[in-house]
Amino acid sequence: MIRITLPDGSARDFEGSISGAHLASTLAPSLRKKSVAMVVDGKLRDLGDQIDRDARVELLTRDDPRALELIRHDAAHVLAEAVQDLFPGSQVTIGPVIENGFFYDFARDTPFTPDDLPAIEARMREIIARDQPFTKEVWSRDEAKACFRARGEDFKVELIDSIPGHEELTIYRQGAWLDLCRGPHMTSTGKIGQAFKLTKVAGAYWRGDASKPMLTRIYGVAFATQAELDAYLKMLEEAEKRDHRRLGREMDLFHFQEEAPGSVFWHPKGWTLFQTLIGYMRGRQAATGYVEVNTPDIMDRHLWETSGHWQNYREHMFTTRTEDDRDFALKPMNCPGHMLIYKQGLKSYRDMPLKIAEFGKVHRYEPSGALHGLLRVRSFTQDDAHIFCTEDQLTAECIKVNDLILSIYRDFGFTDIRIKLSTRPQHRIGSDASWDRAESSLQQALTTLGRAYTINEGEGAFYGPKLEYVLRDAIGRDWQCGTLQVDFNLPERFGAFYINEKGEKVAPVMLHRAMFGSLERFTGILTEHYAGHFPLWLAPTQVVIATITSDADPYARALAADCRGLGLRVDLDLRNEKIPYKVREHSHAKVPVLLAVGKQEVEAGSVSLRRLGSSATTSMPRLEVLRLLAEEAEPPQPVGTRGEPWAGQATTGEGPLSSRGALLAANAEG
């Protein structure tokens with residue numbers, strides 16, 4: 001006798017095992033027709049699987065959000081069948097579900113091209129229309145290898161050899177076609193529906209190894225409804241217009257070269273934007289008690305062995321051996337360097353919390369196929385910080401970091417933020433007890449804040465769990481940026497301590513914190529979020545002053561000098577070109593404000609102001625324009641998440657605004 005507990009808490013008893021399909025039939029015939037899979041004790045399973053013990057069971061219909069992964073998984077299988085139908089001799093390799101869709105890698109003498117996609121997609125629709133059932137079979141390894149070897153599927157044979165011997169080997173059929181797969185799948189191909197589209201082809205090495213054969217990867221997207229697919233395709237179209245690589249060329253911000261793959265060549269305008277971000281973050285950090293440091297880019301292997309990076313992160317590190325046989329590594333993270341700074345001098349509980357920040361350049365090896373503009377690089381700058389605190393201070397410091405991160409994101413126009421708690425990975429350092437304490441502290445902070453979060457099982461860093469902050473941009477895409485990690489392990493490995501109230505040596509807790517994350521990546525995200533239309537305070541070039549006639553050149557130069565005196569980033573365009581041409585050119589470069597001056601403006605002491613994205617021009621007195629732009633170019637003056645003001649850069653008294661005010665006053669008197 002087995003007992004099945006249903007989602008509403010009711011239970012059914014059955015003699016012997018029962019399949020999910022049979023269970024659905026006993027509950028309601030209509031439920032059997034609508035069910036596509038089941039969840040048994042939290043694990044997604046085929047509807048045809050047998051339940052042979054007491055269990056909590058939930059039947060999934062196609063419109064359940066959890067079924068979306070199955071729709072995409074099934075679509076990948078149908079893609080593989082369609083390719084082998086149309087192009088005999090093609091080998092199928094691996095085809096997983098990815099965010100928003102799926103892909104499958106194929107081995108073929110002639111690589112696929114985008115021109116092949118319409119025919120493949122049409123064949124997929126035919127296969128789906130046949131509504132063939134998915135059936136699972138358990139095979140022996142010898143049987144499976146013989147089958148795939150006879151079919152010329154050498155890559156599948158290699159996959160079978162890589163599956164641990166204790167794991168069950170399963171084959172899924174859809175009609176006459178079959179594939180090696182762990183599953184699960186829905187009940188039939190017809191359940192996939194027609195809301196899918198093949199999007200692109202790309203090259204990919206077998207198992208991501210550049211020494212192995214190059215395959216052709218075919219990507220597709222799939223959704224539960226046509227409306228969701230249409231919305232996603234519209235978003236892709238908009239994303240193409242916002243691609244930071246294209247905007248980077250148009251706005252003359254940066255470029256990449258093969259001589260330094262994955263590293264950015266910043267142009268003057270791009271570097272201005274980059275430094276504006278650093279300046280903003282430097283002010284926010286200083287106002288909340290951080291001190292800034294700088295650590296070496298290259299350090300001895302012994303340091304990375306102590307930290308655990310050499311053992312757990314070696315494949316992502318750039319290393320070198322010197323003539324005296326010493327191994328060094330370009331730093332992939334700033335944490336060990338900050339640990340060495342902490343250890344210089346005796347620390348007391350009265351020094352806690354100690355907040356150390358660095359805009360540190362780090363270097364991580366990423367496969368060449370994974371590089372993607374500013375969003376995936378090998379060399380980047382982190383707005384990194386480490387907070388050394390007592391365990392009693394831990395929750396309060398986590399809350400402060402959370403508040404700071406959220407207020408910073410609001411300053412850049414990100415208000416839809418999701419938080420993920422990434423828990424202990426399989427390969428990690430430290431005891432389970434220390435991981436329990438670390439994970440509990442993050443959960444306690446989120447509970448105190450009343451913040452919703454999801455669990456990202458097994459995705460923590462090797463030294464500690466972390467909160468991941470995911471931003472949703474202007475067109476609905478999600479970007480993981482900031483992180484907060486709790487670490488009991490590195491201080492102990494480095495022998496770091498402070499003296500507590502009793503005169504005892506105690507290891508501090510170490511919080512790892514980044515808010516932008518990678519400044520390069522955050523710059524790319526911002527560029528796409530704003531579509532290059534940066535707010536005035538961020539724009540690399542804030543104002544262009546363009547002359548209508550050469551007679552206005554002296555007036556334009558004086559106006560530019562006033563703008564620079566107010567701290568505005570301004571360019572002069574005195575070329576002998578017609579003003580409509582100048583407007584088009586600077587609009588294409590996404591300059592927020594264009595000030596046009598001609599004979600009429602000179603005589604009236606005025607300026608003709610035009611905003612990016614608008615065809616309207618406004619005539620204003622020169623001083624009024626200067627006052628308006630100076631105020632608008634001020635960085636945000638944010639408030640905390642619960643309404644407290646930010647004690648940041650002063651807006652009155654000594655400092656940049658005082659000189660601005662003096663210049664405006666002098667202009668007014670003149």
# chains A, B, ... in the order shown; residues from 1 in each chain; ligands from 1
call {"tool": "select_by_dssp", "arguments": {"residues": "segment 196-233 of chain A", "states": "strand (DSSP E or B)", "output": "number ranges by chain"}}
result
A: 196-205, 214-222
call {"tool": "select_by_dssp", "arguments": {"residues": "segment 124-173 of chain A", "states": "helix (DSSP H, G or I)", "output": "MDAnalysis selection string"}}
result
chainID A and resid 124:130 141:150 154:162
call {"tool": "write_last_selection", "arguments": {"atoms": "N, CA and C atoms", "output": "CSV table (one decimal), in the first residue's frame"}}
result
chain,number,residue,atom,x,y,z
A,124,MET,N,10.1,21.0,-38.2
A,124,MET,CA,9.7,20.9,-36.8
A,124,MET,C,8.2,21.0,-36.6
A,125,ARG,N,7.6,22.0,-37.3
A,125,ARG,CA,6.1,22.1,-37.1
A,125,ARG,C,5.4,20.9,-37.6
A,126,GLU,N,5.9,20.3,-38.6
A,126,GLU,CA,5.3,19.0,-39.1
A,126,GLU,C,5.4,17.9,-38.0
A,127,ILE,N,6.6,17.8,-37.4
A,127,ILE,CA,6.8,16.8,-36.4
A,127,ILE,C,5.9,17.0,-35.2
A,128,ILE,N,5.7,18.3,-34.8
A,128,ILE,CA,4.9,18.6,-33.7
A,128,ILE,C,3.4,18.3,-34.0
A,129,ALA,N,3.0,18.5,-35.3
A,129,ALA,CA,1.6,18.3,-35.7
A,129,ALA,C,1.3,16.8,-35.6
A,130,ARG,N,2.3,15.9,-35.8
A,130,ARG,CA,2.0,14.5,-35.7
A,130,ARG,C,1.7,14.0,-34.3
A,141,ARG,N,24.4,-0.1,-21.2
A,141,ARG,CA,25.4,0.7,-21.9
A,141,ARG,C,25.9,0.0,-23.2
A,142,ASP,N,26.1,-1.2,-23.2
A,142,ASP,CA,26.5,-1.9,-24.4
A,142,ASP,C,25.5,-1.8,-25.5
A,143,GLU,N,24.2,-2.0,-25.1
A,143,GLU,CA,23.1,-1.8,-26.1
A,143,GLU,C,23.1,-0.4,-26.7
A,144,ALA,N,23.2,0.6,-25.9
A,144,ALA,CA,23.1,1.9,-26.3
A,144,ALA,C,24.3,2.3,-27.2
A,145,LYS,N,25.5,1.9,-26.8
A,145,LYS,CA,26.7,2.2,-27.6
A,145,LYS,C,26.6,1.5,-29.0
A,146,ALA,N,26.2,0.3,-29.0
A,146,ALA,CA,26.1,-0.4,-30.3
A,146,ALA,C,25.1,0.3,-31.2
A,147,CYS,N,23.9,0.7,-30.6
A,147,CYS,CA,22.9,1.4,-31.4
A,147,CYS,C,23.5,2.7,-32.0
A,148,PHE,N,24.1,3.5,-31.2
A,148,PHE,CA,24.5,4.8,-31.7
A,148,PHE,C,25.8,4.7,-32.6
A,149,ARG,N,26.6,3.7,-32.3
A,149,ARG,CA,27.8,3.4,-33.2
A,149,ARG,C,27.3,3.0,-34.6
A,150,ALA,N,26.2,2.2,-34.7
A,150,ALA,CA,25.7,1.8,-35.9
A,150,ALA,C,25.1,2.9,-36.7
A,154,ASP,N,29.1,9.0,-33.2
A,154,ASP,CA,30.3,8.9,-32.4
A,154,ASP,C,30.2,9.7,-31.1
A,155,PHE,N,29.7,10.9,-31.2
A,155,PHE,CA,29.6,11.8,-30.1
A,155,PHE,C,28.7,11.2,-29.0
A,156,LYS,N,27.6,10.6,-29.4
A,156,LYS,CA,26.7,10.0,-28.4
A,156,LYS,C,27.5,8.8,-27.7
A,157,VAL,N,28.3,8.1,-28.4
A,157,VAL,CA,29.1,7.0,-27.8
A,157,VAL,C,30.0,7.6,-26.7
A,158,GLU,N,30.6,8.7,-27.1
A,158,GLU,CA,31.5,9.3,-26.1
A,158,GLU,C,30.7,9.8,-24.9
A,159,LEU,N,29.5,10.3,-25.1
A,159,LEU,CA,28.7,10.8,-24.0
A,159,LEU,C,28.3,9.6,-23.1
A,160,ILE,N,28.0,8.5,-23.6
A,160,ILE,CA,27.6,7.3,-22.8
A,160,ILE,C,28.8,6.9,-22.0
A,161,ASP,N,30.0,6.9,-22.5
A,161,ASP,CA,31.2,6.6,-21.7
A,161,ASP,C,31.4,7.5,-20.6
A,162,SER,N,31.0,8.7,-20.7
A,162,SER,CA,31.2,9.7,-19.6
A,162,SER,C,30.1,9.7,-18.5
call {"tool": "residues_around", "arguments": {"residues": "Gly48 of chain A", "least_positions_apart": "5", "cutoff": "9 Å", "atoms": "only C-alpha atoms", "output": "VMD selection string"}}
result
chain A and resid 19 to 22 37 135 to 136 187
call {"tool": "write_last_selection", "arguments": {"atoms": "N, CA and C atoms", "output": "PDB file, in the first residue's frame"}}
result
ATOM      1  N   SER A  19       1.332   4.874 -11.910  1.00  0.00           N
ATOM      2  CA  SER A  19       1.954   5.895 -12.748  1.00  0.00           C
ATOM      3  C   SER A  19       1.247   7.232 -12.542  1.00  0.00           C
ATOM      4  N   GLY A  20       1.940   8.304 -12.924  1.00  0.00           N
ATOM      5  CA  GLY A  20       1.319   9.613 -12.843  1.00  0.00           C
ATOM      6  C   GLY A  20       0.100   9.712 -13.730  1.00  0.00           C
ATOM      7  N   ALA A  21       0.158   9.080 -14.901  1.00  0.00           N
ATOM      8  CA  ALA A  21      -0.982   9.114 -15.818  1.00  0.00           C
ATOM      9  C   ALA A  21      -2.192   8.416 -15.199  1.00  0.00           C
ATOM     10  N   HIS A  22      -1.958   7.271 -14.551  1.00  0.00           N
ATOM     11  CA  HIS A  22      -3.057   6.551 -13.912  1.00  0.00           C
ATOM     12  C   HIS A  22      -3.623   7.365 -12.753  1.00  0.00           C
ATOM     13  N   ALA A  37       3.116  16.355 -17.089  1.00  0.00           N
ATOM     14  CA  ALA A  37       4.227  15.864 -16.266  1.00  0.00           C
ATOM     15  C   ALA A  37       3.766  15.886 -14.824  1.00  0.00           C
ATOM     16  N   THR A 135       8.273   8.432 -25.197  1.00  0.00           N
ATOM     17  CA  THR A 135       8.338   7.231 -24.368  1.00  0.00           C
ATOM     18  C   THR A 135       9.771   7.021 -23.890  1.00  0.00           C
ATOM     19  N   LYS A 136       9.890   6.568 -22.669  1.00  0.00           N
ATOM     20  CA  LYS A 136      11.208   6.371 -22.059  1.00  0.00           C
ATOM     21  C   LYS A 136      11.535   4.888 -21.978  1.00  0.00           C
ATOM     22  N   THR A 187       4.185  14.589 -22.467  1.00  0.00           N
ATOM     23  CA  THR A 187       3.595  13.325 -22.926  1.00  0.00           C
ATOM     24  C   THR A 187       3.704  13.115 -24.422  1.00  0.00           C
TER      25      THR A 187
END
call {"tool": "closest_residue", "arguments": {"among": "A:Trp266, A:Tyr172, A:Tyr219, A:Phe196", "to": "Phe112 of chain A", "atoms": "only C-alpha atoms"}}
result
A:Tyr219
call {"tool": "decode", "arguments": {"residues": "segment 102-244 of chain A", "atoms": "C-alpha atoms", "output": "compact mmCIF listing (two decimals), in the first residue's frame"}}
result
# COMPACT_ATOMS: atom_id res chain seq x y z
CA PHE A 102 17.12 25.94 -26.27
CA PHE A 103 19.95 24.96 -28.58
CA TYR A 104 21.37 21.81 -30.11
CA ASP A 105 24.92 21.25 -31.35
CA PHE A 106 25.40 19.31 -34.59
CA ALA A 107 28.41 17.76 -36.30
CA ARG A 108 28.22 18.08 -40.09
CA ASP A 109 30.81 18.38 -42.85
CA THR A 110 29.08 21.52 -44.13
CA PRO A 111 28.15 23.87 -41.28
CA PHE A 112 24.57 25.10 -41.15
CA THR A 113 23.80 28.70 -42.11
CA PRO A 114 20.87 31.01 -41.30
CA ASP A 115 19.46 30.11 -44.73
CA ASP A 116 18.84 26.56 -43.45
CA LEU A 117 16.66 27.66 -40.54
CA PRO A 118 13.31 28.20 -42.35
CA ALA A 119 13.29 24.64 -43.73
CA ILE A 120 14.30 23.16 -40.36
CA GLU A 121 11.63 25.16 -38.56
CA ALA A 122 8.97 24.05 -41.08
CA ARG A 123 9.92 20.40 -40.53
CA MET A 124 9.73 20.92 -36.75
CA ARG A 125 6.15 22.14 -37.14
CA GLU A 126 5.31 19.01 -39.12
CA ILE A 127 6.77 16.76 -36.42
CA ILE A 128 4.87 18.61 -33.68
CA ALA A 129 1.63 18.29 -35.67
CA ARG A 130 2.04 14.48 -35.72
CA ASP A 131 1.71 14.54 -31.93
CA GLN A 132 3.92 11.50 -31.38
CA PRO A 133 4.19 10.32 -27.76
CA PHE A 134 7.45 10.62 -25.83
CA THR A 135 8.34 7.23 -24.37
CA LYS A 136 11.21 6.37 -22.06
CA GLU A 137 13.28 3.18 -22.20
CA VAL A 138 16.13 2.03 -19.97
CA TRP A 139 19.01 0.49 -21.93
CA SER A 140 22.28 -1.16 -21.01
CA ARG A 141 25.45 0.70 -21.92
CA ASP A 142 26.53 -1.93 -24.43
CA GLU A 143 23.13 -1.85 -26.12
CA ALA A 144 23.12 1.95 -26.33
CA LYS A 145 26.69 2.20 -27.62
CA ALA A 146 26.06 -0.43 -30.27
CA CYS A 147 22.92 1.41 -31.43
CA PHE A 148 24.55 4.83 -31.72
CA ARG A 149 27.76 3.44 -33.22
CA ALA A 150 25.68 1.77 -35.94
CA ARG A 151 23.97 5.11 -36.61
CA GLY A 152 27.33 6.89 -36.96
CA GLU A 153 26.70 8.85 -33.73
CA ASP A 154 30.25 8.86 -32.37
CA PHE A 155 29.60 11.82 -30.07
CA LYS A 156 26.74 9.96 -28.38
CA VAL A 157 29.05 6.99 -27.80
CA GLU A 158 31.51 9.33 -26.09
CA LEU A 159 28.69 10.77 -23.96
CA ILE A 160 27.64 7.30 -22.84
CA ASP A 161 31.22 6.57 -21.74
CA SER A 162 31.19 9.73 -19.62
CA ILE A 163 28.01 8.82 -17.69
CA PRO A 164 28.86 7.37 -14.25
CA GLY A 165 28.34 3.62 -14.09
CA HIS A 166 25.82 3.80 -11.25
CA GLU A 167 23.47 6.08 -13.22
CA GLU A 168 20.56 4.67 -15.16
CA LEU A 169 20.90 5.15 -18.91
CA THR A 170 17.65 6.29 -20.53
CA ILE A 171 16.57 6.64 -24.15
CA TYR A 172 13.57 8.73 -25.23
CA ARG A 173 11.63 8.00 -28.39
CA GLN A 174 9.29 10.28 -30.32
CA GLY A 175 7.85 8.05 -33.03
CA ALA A 176 10.72 6.31 -34.82
CA TRP A 177 13.35 8.85 -33.74
CA LEU A 178 15.29 8.41 -30.49
CA ASP A 179 17.90 10.17 -28.39
CA LEU A 180 20.01 9.64 -25.29
CA CYS A 181 18.48 11.83 -22.57
CA ARG A 182 17.98 12.03 -18.81
CA GLY A 183 14.52 13.56 -19.27
CA PRO A 184 11.91 14.31 -18.21
CA HIS A 185 9.63 15.12 -21.15
CA MET A 186 5.98 15.95 -21.67
CA THR A 187 3.59 13.33 -22.93
CA SER A 188 3.84 14.04 -26.68
CA THR A 189 5.37 16.35 -29.27
CA GLY A 190 2.01 18.07 -29.82
CA LYS A 191 2.19 19.57 -26.34
CA ILE A 192 5.10 21.77 -27.48
CA GLY A 193 2.72 23.97 -29.45
CA GLN A 194 3.66 26.36 -32.24
CA ALA A 195 5.00 29.28 -30.19
CA PHE A 196 8.66 28.75 -31.10
CA LYS A 197 11.20 30.12 -33.55
CA LEU A 198 14.75 29.27 -34.59
CA THR A 199 16.86 32.38 -34.16
CA LYS A 200 20.50 31.90 -35.14
CA VAL A 201 23.44 29.59 -35.78
CA ALA A 202 26.89 29.77 -34.22
CA GLY A 203 30.06 27.76 -33.93
CA ALA A 204 30.75 25.82 -30.74
CA TYR A 205 33.54 23.43 -29.78
CA TRP A 206 32.57 19.97 -28.62
CA ARG A 207 32.19 20.16 -24.85
CA GLY A 208 33.57 23.71 -24.90
CA ASP A 209 37.13 22.53 -25.56
CA ALA A 210 39.01 24.43 -28.29
CA SER A 211 41.16 21.35 -28.97
CA LYS A 212 38.08 19.36 -29.99
CA PRO A 213 35.94 19.46 -33.15
CA MET A 214 33.97 22.57 -34.08
CA LEU A 215 30.22 21.98 -34.20
CA THR A 216 27.31 24.07 -35.45
CA ARG A 217 24.93 25.30 -32.76
CA ILE A 218 21.35 26.10 -33.70
CA TYR A 219 19.47 28.33 -31.25
CA GLY A 220 15.73 28.60 -30.78
CA VAL A 221 13.25 30.24 -28.46
CA ALA A 222 9.99 28.75 -27.24
CA PHE A 223 7.10 29.90 -25.08
CA ALA A 224 3.78 28.58 -23.89
CA THR A 225 1.74 31.04 -25.99
CA GLN A 226 2.12 32.96 -29.24
CA ALA A 227 1.57 36.23 -27.40
CA GLU A 228 4.59 35.52 -25.16
CA LEU A 229 6.70 34.61 -28.19
CA ASP A 230 5.66 37.77 -30.05
CA ALA A 231 6.52 39.91 -27.02
CA TYR A 232 9.93 38.25 -26.74
CA LEU A 233 10.72 38.68 -30.43
CA LYS A 234 9.75 42.33 -30.18
CA MET A 235 12.10 42.65 -27.21
CA LEU A 236 14.89 41.03 -29.26
CA GLU A 237 14.28 43.53 -32.03
CA GLU A 238 14.55 46.38 -29.55
CA ALA A 239 17.64 44.79 -27.97
CA GLU A 240 19.31 44.75 -31.39
CA LYS A 241 18.78 48.50 -31.68
CA ARG A 242 20.26 48.96 -28.20
CA ASP A 243 23.27 46.66 -28.67
CA HIS A 244 26.06 48.35 -26.71
